[in-house]
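Okay, start.txt is below, compact mmCIF, C-alpha atoms:
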```txt
# COMPACT_ATOMS: atom_id res chain seq x y z
CA MET A 1 -121.82 -55.02 -166.63
CA PHE A 2 -121.55 -51.60 -168.20
CA ALA A 3 -119.92 -53.04 -171.31
CA SER A 4 -122.73 -55.52 -171.90
CA PHE A 5 -125.34 -52.85 -171.13
CA LEU A 6 -123.86 -50.42 -173.66
CA LEU A 7 -123.44 -52.89 -176.46
CA VAL A 8 -126.88 -54.49 -176.10
CA LEU A 9 -128.45 -51.02 -175.81
CA ARG A 10 -126.76 -49.85 -179.01
CA GLU A 11 -127.72 -52.89 -181.04
CA VAL A 12 -131.31 -52.95 -179.74
CA MET A 13 -131.67 -49.25 -180.53
CA GLU A 14 -130.55 -49.83 -184.09
CA ALA A 15 -133.16 -52.55 -184.55
CA ALA A 16 -135.79 -50.54 -182.64
CA LEU A 17 -135.39 -47.64 -185.07
CA VAL A 18 -136.48 -49.73 -188.03
CA VAL A 19 -139.23 -51.55 -186.10
CA THR A 20 -140.66 -48.28 -184.74
CA ILE A 21 -140.85 -46.63 -188.12
CA VAL A 22 -142.48 -49.70 -189.63
CA MET A 23 -144.97 -49.68 -186.75
CA ALA A 24 -145.71 -45.98 -187.24
CA ALA A 25 -146.07 -46.37 -190.99
CA THR A 26 -148.73 -49.01 -190.51
CA ARG A 27 -150.70 -47.70 -187.57
CA LYS A 28 -153.91 -47.73 -189.55
CA VAL A 29 -153.51 -51.36 -190.52
CA GLN A 30 -155.30 -53.95 -188.44
CA ARG A 31 -153.49 -56.92 -186.97
CA ARG A 32 -150.11 -55.50 -187.90
CA GLU A 33 -148.94 -56.11 -184.30
CA LEU A 34 -149.27 -59.81 -185.04
CA TYR A 35 -147.10 -59.64 -188.13
CA ILE A 36 -144.52 -57.29 -186.66
CA GLY A 37 -144.38 -59.37 -183.49
CA ALA A 38 -143.91 -62.48 -185.60
CA GLY A 39 -141.16 -60.67 -187.45
CA ILE A 40 -139.37 -59.84 -184.22
CA LEU A 41 -139.61 -63.44 -183.01
CA LEU A 42 -138.38 -64.70 -186.36
CA GLY A 43 -135.50 -62.26 -186.18
CA ILE A 44 -134.49 -63.44 -182.71
CA LEU A 45 -134.65 -67.08 -183.76
CA GLY A 46 -132.68 -66.28 -186.86
CA ALA A 47 -130.07 -64.43 -184.82
CA LEU A 48 -129.56 -67.45 -182.56
CA LEU A 49 -129.27 -69.67 -185.64
CA ILE A 50 -126.79 -67.38 -187.33
CA ALA A 51 -124.65 -67.17 -184.23
CA GLY A 52 -124.47 -70.93 -184.25
CA PHE A 53 -123.50 -71.03 -187.91
CA THR A 54 -121.11 -68.09 -187.98
CA SER A 55 -118.05 -70.09 -188.86
CA VAL A 56 -119.85 -71.89 -191.68
CA ILE A 57 -121.14 -68.60 -193.09
CA SER A 58 -117.78 -66.87 -192.69
CA ASN A 59 -115.84 -69.51 -194.54
CA ALA A 60 -118.27 -69.68 -197.42
CA PHE A 61 -117.52 -67.93 -200.69
CA GLY A 62 -113.81 -68.00 -200.09
CA GLY A 63 -114.05 -66.13 -196.79
CA ALA A 64 -116.53 -63.50 -197.98
CA GLY A 65 -119.56 -65.35 -196.62
CA GLN A 66 -120.51 -62.78 -193.98
CA GLU A 67 -120.41 -59.92 -196.47
CA ILE A 68 -122.44 -61.77 -199.07
CA PHE A 69 -125.00 -62.95 -196.52
CA ASN A 70 -125.42 -59.42 -195.16
CA ALA A 71 -125.77 -58.01 -198.67
CA PHE A 72 -128.39 -60.63 -199.50
CA VAL A 73 -130.46 -59.90 -196.38
CA LEU A 74 -130.27 -56.17 -197.08
CA PHE A 75 -131.25 -56.48 -200.75
CA THR A 76 -134.21 -58.66 -199.79
CA ALA A 77 -135.32 -55.97 -197.35
CA VAL A 78 -134.94 -53.31 -200.07
CA VAL A 79 -137.18 -55.23 -202.47
CA LEU A 80 -139.80 -55.81 -199.77
CA LEU A 81 -139.74 -52.18 -198.65
CA ALA A 82 -140.12 -51.07 -202.25
CA TRP A 83 -143.08 -53.38 -202.70
CA HIS A 84 -144.68 -52.12 -199.49
CA VAL A 85 -144.20 -48.44 -200.43
CA VAL A 86 -145.57 -48.94 -203.92
CA TRP A 87 -148.51 -50.94 -202.60
CA MET A 88 -149.32 -48.27 -200.02
CA SER A 89 -149.07 -45.60 -202.72
CA SER A 90 -151.70 -47.22 -204.83
CA HIS A 91 -154.06 -47.73 -201.90
CA GLY A 92 -153.23 -44.62 -199.90
CA ARG A 93 -156.07 -42.52 -201.23
CA GLU A 94 -158.68 -45.17 -200.47
CA LEU A 95 -157.28 -45.56 -196.99
CA THR A 96 -157.45 -41.90 -196.00
CA ALA A 97 -160.90 -41.54 -197.59
CA GLU A 98 -162.29 -44.55 -195.77
CA LEU A 99 -160.72 -43.51 -192.50
CA LYS A 100 -162.25 -40.05 -192.67
CA SER A 101 -165.73 -41.41 -193.32
CA VAL A 102 -165.69 -44.42 -191.06
CA GLY A 103 -163.41 -43.09 -188.36
CA HIS A 104 -161.55 -46.22 -187.38
CA ASP A 105 -159.02 -48.70 -188.67
CA VAL A 106 -159.77 -50.63 -191.82
CA THR A 107 -158.51 -53.95 -192.97
CA ILE A 108 -156.67 -53.56 -196.23
CA GLY A 109 -155.60 -57.11 -196.72
CA THR A 110 -152.61 -58.97 -195.45
CA LYS A 111 -150.24 -59.11 -198.41
CA PRO A 112 -148.04 -56.15 -197.52
CA LEU A 113 -148.00 -57.22 -193.88
CA SER A 114 -145.94 -60.31 -194.57
CA ALA A 115 -143.41 -58.04 -196.22
CA LEU A 116 -143.27 -55.95 -193.05
CA ALA A 117 -142.73 -59.03 -190.94
CA ILE A 118 -139.72 -59.95 -193.03
CA ILE A 119 -138.28 -56.44 -192.96
CA VAL A 120 -138.60 -56.36 -189.18
CA ALA A 121 -137.14 -59.86 -188.94
CA ALA A 122 -134.15 -58.75 -191.04
CA ALA A 123 -133.44 -55.76 -188.81
CA VAL A 124 -133.75 -57.77 -185.59
CA LEU A 125 -131.69 -60.58 -187.09
CA ARG A 126 -128.72 -58.42 -187.96
CA GLU A 127 -128.45 -56.71 -184.62
CA GLY A 128 -129.54 -59.79 -182.69
CA SER A 129 -126.79 -61.98 -184.11
CA GLU A 130 -124.17 -59.48 -182.96
CA ILE A 131 -125.69 -59.43 -179.49
CA VAL A 132 -125.75 -63.22 -179.29
CA LEU A 133 -122.13 -63.52 -180.39
CA PHE A 134 -121.06 -60.82 -177.97
CA MET A 135 -122.87 -62.44 -175.06
CA GLN A 136 -121.46 -65.86 -175.93
CA GLY A 137 -118.00 -64.41 -175.74
CA LEU A 138 -118.58 -62.60 -172.46
CA LEU A 139 -120.19 -65.61 -170.85
CA SER A 140 -117.37 -67.97 -171.81
CA GLY A 141 -114.72 -65.72 -170.38
CA SER A 142 -116.19 -64.12 -167.33
CA ASN A 143 -117.02 -65.45 -163.88
CA ASP A 144 -119.50 -62.69 -163.24
CA GLN A 145 -122.36 -64.02 -165.32
CA ASN A 146 -125.18 -62.54 -163.27
CA THR A 147 -124.08 -58.93 -163.66
CA LEU A 148 -123.48 -59.51 -167.37
CA PHE A 149 -127.05 -60.71 -167.78
CA ILE A 150 -128.37 -57.78 -165.77
CA GLY A 151 -126.43 -55.39 -167.98
CA ALA A 152 -127.80 -57.04 -171.09
CA ILE A 153 -131.40 -57.00 -169.82
CA LEU A 154 -131.03 -53.32 -168.92
CA GLY A 155 -129.69 -52.65 -172.40
CA LEU A 156 -132.63 -54.49 -173.95
CA ALA A 157 -135.08 -52.54 -171.77
CA GLY A 158 -133.38 -49.27 -172.67
CA GLY A 159 -133.60 -50.02 -176.37
CA ILE A 160 -137.28 -50.94 -176.12
CA ILE A 161 -138.06 -47.78 -174.13
CA PHE A 162 -136.26 -45.78 -176.80
CA GLY A 163 -138.39 -47.42 -179.49
CA ALA A 164 -141.59 -46.82 -177.52
CA LEU A 165 -140.77 -43.15 -176.94
CA LEU A 166 -140.00 -42.69 -180.60
CA TYR A 167 -143.22 -44.43 -181.59
CA PHE A 168 -145.48 -42.38 -179.32
CA GLY A 169 -143.65 -39.25 -180.38
CA MET A 170 -144.41 -40.08 -183.98
CA LEU A 171 -148.07 -40.78 -183.16
CA ARG A 172 -148.57 -37.13 -182.26
CA ILE A 173 -148.18 -36.19 -185.88
CA PRO A 174 -151.51 -35.91 -187.76
CA LEU A 175 -152.38 -38.99 -189.77
CA GLY A 176 -152.08 -37.65 -193.30
CA ARG A 177 -148.69 -36.06 -192.67
CA LEU A 178 -147.46 -39.10 -190.78
CA PHE A 179 -148.43 -41.36 -193.62
CA SER A 180 -146.46 -39.48 -196.24
CA ALA A 181 -143.63 -38.73 -193.83
CA THR A 182 -143.14 -42.34 -192.86
CA ASN A 183 -143.54 -43.40 -196.47
CA GLY A 184 -140.71 -41.05 -197.32
CA LEU A 185 -138.70 -42.44 -194.43
CA LEU A 186 -139.26 -46.01 -195.61
CA ILE A 187 -138.01 -45.06 -199.07
CA ALA A 188 -134.94 -43.42 -197.56
CA ILE A 189 -134.35 -46.47 -195.36
CA ALA A 190 -134.55 -48.71 -198.42
CA ALA A 191 -132.05 -46.51 -200.28
CA GLY A 192 -129.73 -46.57 -197.28
CA MET A 193 -129.97 -50.36 -197.08
CA ALA A 194 -129.06 -50.59 -200.76
CA ALA A 195 -125.99 -48.44 -200.09
CA LYS A 196 -125.00 -50.65 -197.14
CA ALA A 197 -125.48 -53.75 -199.25
CA ALA A 198 -123.30 -52.19 -201.96
CA ASN A 199 -120.57 -51.66 -199.37
CA TYR A 200 -120.71 -55.35 -198.40
CA LEU A 201 -120.37 -56.35 -202.04
CA ILE A 202 -117.42 -53.99 -202.33
CA ALA A 203 -115.86 -55.61 -199.26
CA ALA A 204 -116.30 -59.00 -200.92
CA ASN A 205 -114.54 -57.70 -204.05
CA ILE A 206 -117.62 -58.39 -206.14
CA ILE A 207 -118.16 -54.83 -207.29
CA PRO A 208 -115.62 -51.99 -207.39
CA GLU A 209 -115.72 -48.89 -205.24
CA TRP A 210 -115.17 -46.51 -208.14
CA GLN A 211 -114.39 -43.47 -206.03
CA PRO A 212 -113.47 -44.79 -202.54
CA ARG A 213 -114.23 -41.51 -200.79
CA LEU A 214 -116.47 -39.31 -202.82
CA TRP A 215 -116.52 -36.76 -200.01
CA ASP A 216 -115.66 -36.52 -196.35
CA SER A 217 -118.39 -35.04 -194.20
CA SER A 218 -116.81 -35.95 -190.85
CA ALA A 219 -116.46 -32.27 -189.96
CA PHE A 220 -120.19 -31.87 -190.54
CA LEU A 221 -121.42 -35.15 -189.05
CA SER A 222 -118.91 -37.67 -187.76
CA ASP A 223 -119.46 -41.44 -187.95
CA ASP A 224 -118.59 -41.73 -184.27
CA SER A 225 -121.03 -39.14 -183.00
CA PHE A 226 -124.40 -40.18 -181.59
CA ALA A 227 -126.32 -38.48 -184.40
CA GLY A 228 -123.97 -39.96 -186.96
CA SER A 229 -124.34 -43.51 -185.73
CA THR A 230 -128.13 -43.15 -185.46
CA LEU A 231 -128.27 -41.89 -189.02
CA SER A 232 -125.96 -44.73 -190.02
CA ALA A 233 -128.23 -47.35 -188.45
CA LEU A 234 -131.31 -45.84 -190.04
CA LEU A 235 -130.19 -44.58 -193.43
CA GLY A 236 -126.77 -46.15 -193.90
CA TYR A 237 -125.07 -42.79 -193.47
CA THR A 238 -121.32 -42.74 -193.77
CA ALA A 239 -119.08 -39.69 -193.67
CA THR A 240 -116.96 -41.07 -196.50
CA PRO A 241 -119.26 -42.81 -198.98
CA SER A 242 -117.85 -44.49 -202.04
CA GLY A 243 -119.07 -43.65 -205.52
CA MET A 244 -120.74 -47.02 -205.87
CA GLN A 245 -122.69 -46.54 -202.63
CA ILE A 246 -124.04 -43.21 -203.85
CA ILE A 247 -125.09 -44.81 -207.13
CA PHE A 248 -126.96 -47.59 -205.33
CA PHE A 249 -128.58 -45.06 -203.00
CA ALA A 250 -129.69 -42.76 -205.82
CA PHE A 251 -130.94 -45.61 -208.03
CA THR A 252 -133.01 -47.11 -205.23
CA LEU A 253 -134.41 -43.75 -204.16
CA LEU A 254 -135.37 -42.66 -207.67
CA GLY A 255 -136.52 -46.14 -208.61
CA ILE A 256 -138.97 -46.53 -205.75
CA LEU A 257 -140.17 -42.92 -206.06
CA SER A 258 -140.93 -43.27 -209.74
CA MET A 259 -142.62 -46.63 -209.30
CA ALA A 260 -144.79 -45.23 -206.50
CA HIS A 261 -145.61 -42.17 -208.59
CA PHE A 262 -146.66 -44.17 -211.64
CA VAL A 263 -148.72 -46.58 -209.60
CA LYS A 264 -150.52 -43.69 -207.91
CA GLN A 265 -151.31 -42.13 -211.29
CA HIS A 266 -152.48 -45.47 -212.63
CA ALA A 267 -154.76 -45.96 -209.63
CA ALA A 268 -156.15 -42.44 -210.04
CA THR A 269 -156.94 -42.80 -213.75
CA ALA A 270 -158.46 -46.23 -213.22
CA LYS A 271 -161.06 -44.75 -210.92
CA ILE A 272 -162.29 -42.14 -213.38
CA MET B 1 -147.43 -51.52 -220.93
CA ARG B 2 -146.78 -49.74 -217.68
CA CYS B 3 -146.14 -53.07 -216.00
CA ALA B 4 -143.36 -53.77 -218.45
CA PHE B 5 -141.87 -50.38 -217.67
CA PHE B 6 -141.87 -51.05 -213.94
CA PHE B 7 -140.29 -54.43 -214.44
CA ILE B 8 -137.54 -52.97 -216.59
CA LEU B 9 -136.96 -50.18 -214.11
CA LEU B 10 -136.72 -52.64 -211.23
CA ASN B 11 -134.26 -54.73 -213.20
CA LEU B 12 -132.15 -51.74 -214.10
CA MET B 13 -132.15 -50.60 -210.51
CA VAL B 14 -130.66 -53.86 -209.41
CA THR B 15 -128.45 -54.97 -212.26
CA PHE B 16 -127.18 -51.82 -213.96
CA PRO B 17 -124.62 -50.83 -211.34
CA VAL B 18 -123.25 -54.36 -211.35
CA MET B 19 -123.28 -54.82 -215.12
CA ALA B 20 -121.73 -51.50 -215.96
CA ALA B 21 -118.79 -52.01 -213.65
CA ASP B 22 -115.73 -54.13 -214.18
CA VAL B 23 -116.24 -57.09 -211.91
CA ALA B 24 -113.23 -57.42 -209.64
CA PRO B 25 -111.94 -60.93 -208.98
CA ALA B 26 -113.73 -62.55 -206.08
CA MET B 27 -111.89 -63.63 -202.98
CA GLU B 28 -110.43 -67.05 -203.54
CA LYS B 29 -108.52 -67.84 -200.45
CA SER B 30 -110.53 -69.73 -197.87
CA ALA B 31 -109.83 -69.43 -194.17
CA PRO B 32 -107.98 -72.55 -193.05
CA ALA B 33 -108.56 -74.29 -189.75
CA ALA B 34 -106.85 -72.01 -187.33
CA SER B 35 -106.23 -73.55 -183.96
CA ALA B 36 -103.16 -75.57 -184.84
CA VAL B 37 -101.66 -72.64 -186.68
CA LEU B 38 -102.32 -70.16 -183.92
CA GLU B 39 -100.98 -72.15 -181.00
CA ASN B 40 -97.34 -71.55 -181.78
CA THR B 41 -97.63 -68.02 -183.09
CA LYS B 42 -95.99 -65.39 -180.94
CA VAL B 43 -97.44 -61.89 -180.89
CA PRO B 44 -95.19 -59.89 -183.20
CA GLU B 45 -94.59 -56.18 -183.62
CA ALA B 46 -95.70 -55.79 -187.20
CA ILE B 47 -96.42 -58.37 -189.81
CA GLY B 48 -96.16 -57.54 -193.47
CA THR B 49 -95.95 -60.73 -195.40
CA SER B 50 -96.04 -60.84 -199.15
CA ASP B 51 -97.44 -58.34 -201.57
CA GLY B 52 -100.32 -56.46 -200.00
CA GLU B 53 -101.09 -59.09 -197.37
CA TYR B 54 -101.04 -58.14 -193.73
CA THR B 55 -102.02 -59.78 -190.48
CA LEU B 56 -103.57 -58.47 -187.30
CA ILE B 57 -103.72 -60.55 -184.19
CA ILE B 58 -106.32 -60.32 -181.47
CA LYS B 59 -105.07 -61.49 -178.12
CA ASP B 60 -106.40 -60.65 -174.67
CA HIS B 61 -108.91 -58.37 -176.38
CA GLN B 62 -106.17 -56.25 -177.92
CA PHE B 63 -104.98 -55.83 -181.47
CA ALA B 64 -101.37 -56.53 -182.33
CA PRO B 65 -99.98 -54.47 -183.87
CA ALA B 66 -102.13 -51.57 -182.76
CA ARG B 67 -100.58 -49.47 -185.49
CA LEU B 68 -100.20 -51.03 -188.91
CA GLU B 69 -98.50 -49.28 -191.78
CA VAL B 70 -99.55 -50.15 -195.29
CA PRO B 71 -98.77 -48.65 -198.68
CA ALA B 72 -101.34 -46.19 -199.99
CA ASP B 73 -103.28 -46.62 -203.24
CA LYS B 74 -102.95 -50.37 -203.11
CA ALA B 75 -105.44 -53.17 -202.52
CA ILE B 76 -104.73 -54.81 -199.17
CA LYS B 77 -105.76 -58.20 -197.89
CA LEU B 78 -105.98 -58.10 -194.11
CA THR B 79 -106.05 -61.36 -192.20
CA VAL B 80 -107.32 -60.99 -188.67
CA LYS B 81 -106.42 -63.87 -186.37
CA ASN B 82 -108.46 -64.10 -183.20
CA MET B 83 -106.38 -65.91 -180.62
CA ASP B 84 -108.89 -65.33 -177.86
CA THR B 85 -111.58 -67.89 -177.13
CA SER B 86 -114.41 -65.41 -177.51
CA ALA B 87 -115.64 -63.76 -180.69
CA GLU B 88 -114.64 -60.23 -181.63
CA GLU B 89 -116.05 -57.86 -184.20
CA PHE B 90 -113.55 -55.94 -186.27
CA GLU B 91 -115.20 -52.65 -187.11
CA SER B 92 -113.95 -49.52 -188.78
CA HIS B 93 -116.04 -46.57 -189.91
CA ASP B 94 -113.01 -45.08 -191.66
CA LEU B 95 -112.43 -48.24 -193.67
CA LYS B 96 -116.17 -49.03 -193.95
CA ARG B 97 -115.57 -52.61 -192.92
CA GLU B 98 -117.04 -54.80 -190.22
CA LYS B 99 -116.66 -58.51 -189.63
CA VAL B 100 -117.23 -60.91 -186.76
CA ILE B 101 -114.33 -63.25 -186.07
CA GLN B 102 -115.08 -66.29 -183.95
CA GLY B 103 -112.79 -67.30 -181.14
CA ASN B 104 -109.75 -69.28 -182.29
CA SER B 105 -110.46 -68.42 -185.89
CA GLU B 106 -109.31 -66.04 -188.53
CA ALA B 107 -111.03 -64.05 -191.21
CA GLN B 108 -110.02 -62.01 -194.23
CA ILE B 109 -110.96 -58.44 -194.87
CA ASN B 110 -110.39 -56.60 -198.13
CA ILE B 111 -109.23 -53.04 -197.74
CA GLY B 112 -108.27 -50.26 -200.08
CA PRO B 113 -106.88 -48.94 -202.24
CA LEU B 114 -106.49 -46.41 -199.47
CA LYS B 115 -105.64 -42.77 -199.90
CA ALA B 116 -102.82 -41.67 -197.62
CA GLY B 117 -104.05 -41.10 -194.09
CA GLU B 118 -105.01 -42.76 -190.86
CA TYR B 119 -107.89 -45.20 -190.55
CA LYS B 120 -109.06 -46.14 -187.09
CA PHE B 121 -110.53 -49.53 -186.23
CA VAL B 122 -111.89 -51.15 -183.09
CA GLY B 123 -112.94 -54.48 -181.72
CA GLU B 124 -116.55 -53.63 -181.09
CA PHE B 125 -117.05 -56.22 -178.38
CA HIS B 126 -114.17 -54.85 -176.31
CA GLU B 127 -113.77 -51.28 -177.46
CA ASP B 128 -111.79 -49.96 -174.51
CA SER B 129 -108.91 -52.34 -175.05
CA ALA B 130 -109.26 -53.37 -178.67
CA HIS B 131 -108.49 -50.49 -180.96
CA GLY B 132 -105.86 -49.48 -183.44
CA VAL B 133 -105.09 -47.55 -186.56
CA ILE B 134 -104.04 -48.41 -190.07
CA VAL B 135 -101.71 -45.84 -191.56
CA ALA B 136 -101.56 -45.62 -195.32
CA LYS B 137 -98.44 -43.96 -196.69
```

Output the file's structure as structure tokens, nothing else.
Amino acid sequence: MFASFLLVLREVMEAALVVTIVMAATRKVQRRELYIGAGILLGILGALLIAGFTSVISNAFGGAGQEIFNAFVLFTAVVLLAWHVVWMSSHGRELTAELKSVGHDVTIGTKPLSALAIIVAAAVLREGSEIVLFMQGLLSGSNDQNTLFIGAILGLAGGIIFGALLYFGMLRIPLGRLFSATNGLLIAIAAGMAAKAANYLIAANIIPEWQPRLWDSSAFLSDDSFAGSTLSALLGYTATPSGMQIIFFAFTLLGILSMAHFVKQHAATAKI
Amino acid sequence: MRCAFFFILLNLMVTFPVMAADVAPAMEKSAPAASAVLENTKVPEAIGTSDGEYTLIIKDHQFAPARLEVPADKAIKLTVKNMDTSAEEFESHDLKREKVIQGNSEAQINIGPLKAGEYKFVGEFHEDSAHGVIVAK
């Protein structure tokens, strides 16, 4: 039971991190619970589907199917996150101005919300498919199915509590700061996803590593430590990144930042 | 004008790292149907087949061999054969690789070139029993 509890807890926490930050980044947006909830449901459905199709996916692309599929899901999330960040940058000033005068949530349109739903779905899908496969395996082998289920439910509850605590902790931060802080976090998450996707492409022999271990920061923050694995789930941290991963990370970071900056300037000059 | 700039920047962001690099040959070998092959395979001490190709076997939620020696600075193709009925996830932070292998199936994982050293790996679904190390010399 402990094994199923631990694994489900870990995977749910990894998904909960992304979902919580998306939730916090959009707390001023109406009806976002609907979209994020839809994203979670989509992710769960997708995870069940993927678990059923694992062998088909694995054997595709000459055995590199899993890596390519993961890279594709991650790159899609990067593009959507970038779009969301840039969109929020251009409308951020209106939002804070309106909020200060009116005092409650405003509807800013639903276009960026669908992007959020997909990002959330992607995060839930990745972790969810691992959980489903793990549980399938446990259930087929063990006689003690009840305790396995209890362990898994406890793990799920633990992960959700973690997400809720994180969310309400983030809510204590004043709105303006939270907005820019979570925006920055979303950009960092996107950059980390790009680095993870790069690693999958490297594993599929599609792009080279260049420098396999640009540095080794295990002494500073180990991959196996709690902080290290949290950072890995959130930002794609690895103690021994390859040159190509750093390039993808930097490109994505700078790319989204400059796009957001230009769009903000454009929006400002357009108002004059 | 600015729109064009954004579009170009987005394109560069995505395609430049791929274009500028030499594209390594993609994996060609497909995983064959495994059950017939696996039935008669005994669990060996260490398997180093041909040039740069190695095999790990998962049985009873353990890796065999638990310690695999490979040459350093060389691209390695690792075939992981899961002889258990349940899925296992090969995961290694040191190697930066993770892959789910269905029960009674096998999968291929590209590794390296590895600098000399030890690289730990685990079976994430059964971490207490499934773990090992790849030693590059």

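Every residue within 7 Å of the file position (-112.7, -65.3, -180.1), judged by all atoms listed in the file, is given as A:Gly137, B:Asn82, B:Met83, B:Asp84, B:Thr85, B:Ser86, B:Ala87, B:Glu88, B:Ile101, B:Gln102, B:Gly103, B:Asn104, B:Ser105.
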
Practice problem: Please provide as a PyMOL selection string all residues within 12 Å of Leu17 of chain A, with the sequence filter that same-chain residues fewer than 2 positions apart are discarded (counting all atoms listed in the file). | Solution: chain A and resi 10-15+19-24+120+123-124+127+159-167+170+185-186+189+229-235

Quiz prompt | Pick from B:His126, B:His93, B:Lys115, B:His131 nearest to Asp73 of chain B, counting all atoms listed in the file | solution = B:Lys115

Quiz prompt | Which residue of B:Leu68, B:Val133, B:Ile109, B:Ala116 approaches chain A most closely, using only C-alpha atoms | solution =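 For chain A, the nearest of the candidates is B:Ile109.
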
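If you look at atom CA of Ser129 of chain A and atom CA of Ile44 of chain A, they are 8.0 Å away from each other.
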
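Pairwise distance (atom CA of Trp215 of chain A, atom CA of Ala71 of chain A) equals 23.2 Å.
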
Quiz prompt | Distance-based interface of chain A with chain B, 9 Å, counting all atoms listed in the file, as a ChimeraX atom specification | solution = /A:3-4,7,54-55,58-64,66-67,130,133-134,136-141,199-200,202-208,210,212-213,223-224,238-241,244,247-248,251-252,255-256,258-259,262-263,266

Quiz prompt | Minimum-distance residue to Glu69 of chain B, chosen among B:Ala130, B:Glu91, B:Lys81, B:Thr55 (using all atoms listed in the file) | solution =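 Among the listed residues, B:Thr55 lies closest to Glu69 of chain B.
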
Quiz item: Just how far from atom CA of Asn70 of chain A is atom CA of Leu201 of chain A, in Å to one decimal?
Solution: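 For atom CA of Leu201 of chain A relative to atom CA of Asn70 of chain A, the distance reads 9.1 Å.
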
Exercise. Have a look at A:Val18, A:Val79, A:Val85, A:Leu41 and name the one nearest to Asn183 of chain A; count only C-alpha atoms.
Key: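 Smallest distance to Asn183 of chain A is found for A:Val85.
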
Self-check item: Selected residue, from A:Ala117, A:Met193, A:Leu171, A:Val86, that lies nearest to His261 of chain A when counting all atoms listed in the file
Solution: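 Closest to His261 of chain A, using all atoms listed in the file: A:Val86.
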
Quiz prompt | Top pick for closest residue to Gly43 of chain A, considering A:Leu214, A:Ala268, A:Ala260, A:Ile119 and counting only C-alpha atoms | solution =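 Among A:Leu214, A:Ala268, A:Ala260, A:Ile119, it is A:Ile119 that comes nearest to Gly43 of chain A.
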
Practice problem: Skip Ala66 of chain B itself and residues of its chain fewer than 3 positions away, then list as a VMD selection string all residues within 9 Å of it, counting only C-alpha atoms. | Solution: chain B and resid 45 to 46 56 62 to 63 130 to 134

Please complete segment 96-106 of chain B so it has N, CA, C and O atoms, and hand it over as a PDB file, keeping the file's coordinate frame.
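This is the output file rebuild29.pdb:
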```pdb
ATOM      1  N   LYS B  96    -114.842 -48.494-193.572  1.00  0.00           N
ATOM      2  CA  LYS B  96    -116.170 -49.030-193.950  1.00  0.00           C
ATOM      3  C   LYS B  96    -116.132 -50.550-194.018  1.00  0.00           C
ATOM      4  O   LYS B  96    -116.591 -51.173-194.977  1.00  0.00           O
ATOM      5  N   ARG B  97    -115.599 -51.153-192.968  1.00  0.00           N
ATOM      6  CA  ARG B  97    -115.570 -52.610-192.920  1.00  0.00           C
ATOM      7  C   ARG B  97    -116.007 -53.073-191.538  1.00  0.00           C
ATOM      8  O   ARG B  97    -115.663 -52.456-190.523  1.00  0.00           O
ATOM      9  N   GLU B  98    -116.775 -54.169-191.502  1.00  0.00           N
ATOM     10  CA  GLU B  98    -117.040 -54.800-190.220  1.00  0.00           C
ATOM     11  C   GLU B  98    -117.148 -56.305-190.436  1.00  0.00           C
ATOM     12  O   GLU B  98    -117.650 -56.763-191.463  1.00  0.00           O
ATOM     13  N   LYS B  99    -116.637 -57.056-189.482  1.00  0.00           N
ATOM     14  CA  LYS B  99    -116.660 -58.510-189.630  1.00  0.00           C
ATOM     15  C   LYS B  99    -116.514 -59.159-188.266  1.00  0.00           C
ATOM     16  O   LYS B  99    -115.664 -58.762-187.474  1.00  0.00           O
ATOM     17  N   VAL B 100    -117.333 -60.166-188.012  1.00  0.00           N
ATOM     18  CA  VAL B 100    -117.230 -60.910-186.760  1.00  0.00           C
ATOM     19  C   VAL B 100    -116.232 -62.045-186.949  1.00  0.00           C
ATOM     20  O   VAL B 100    -116.278 -62.774-187.934  1.00  0.00           O
ATOM     21  N   ILE B 101    -115.298 -62.161-186.000  1.00  0.00           N
ATOM     22  CA  ILE B 101    -114.330 -63.250-186.070  1.00  0.00           C
ATOM     23  C   ILE B 101    -114.511 -64.105-184.828  1.00  0.00           C
ATOM     24  O   ILE B 101    -114.348 -63.641-183.695  1.00  0.00           O
ATOM     25  N   GLN B 102    -114.861 -65.358-185.046  1.00  0.00           N
ATOM     26  CA  GLN B 102    -115.080 -66.290-183.950  1.00  0.00           C
ATOM     27  C   GLN B 102    -113.805 -66.490-183.154  1.00  0.00           C
ATOM     28  O   GLN B 102    -112.712 -66.205-183.618  1.00  0.00           O
ATOM     29  N   GLY B 103    -113.968 -66.990-181.931  1.00  0.00           N
ATOM     30  CA  GLY B 103    -112.790 -67.300-181.140  1.00  0.00           C
ATOM     31  C   GLY B 103    -111.969 -68.383-181.824  1.00  0.00           C
ATOM     32  O   GLY B 103    -112.506 -69.245-182.509  1.00  0.00           O
ATOM     33  N   ASN B 104    -110.667 -68.310-181.666  1.00  0.00           N
ATOM     34  CA  ASN B 104    -109.750 -69.280-182.290  1.00  0.00           C
ATOM     35  C   ASN B 104    -110.007 -69.461-183.770  1.00  0.00           C
ATOM     36  O   ASN B 104    -110.005 -70.575-184.296  1.00  0.00           O
ATOM     37  N   SER B 105    -110.244 -68.365-184.445  1.00  0.00           N
ATOM     38  CA  SER B 105    -110.460 -68.420-185.890  1.00  0.00           C
ATOM     39  C   SER B 105    -109.802 -67.215-186.533  1.00  0.00           C
ATOM     40  O   SER B 105    -109.340 -66.305-185.851  1.00  0.00           O
ATOM     41  N   GLU B 106    -109.799 -67.221-187.836  1.00  0.00           N
ATOM     42  CA  GLU B 106    -109.310 -66.040-188.530  1.00  0.00           C
ATOM     43  C   GLU B 106    -110.263 -65.708-189.660  1.00  0.00           C
ATOM     44  O   GLU B 106    -111.065 -66.545-190.086  1.00  0.00           O
TER      45      GLU B 106
END
```
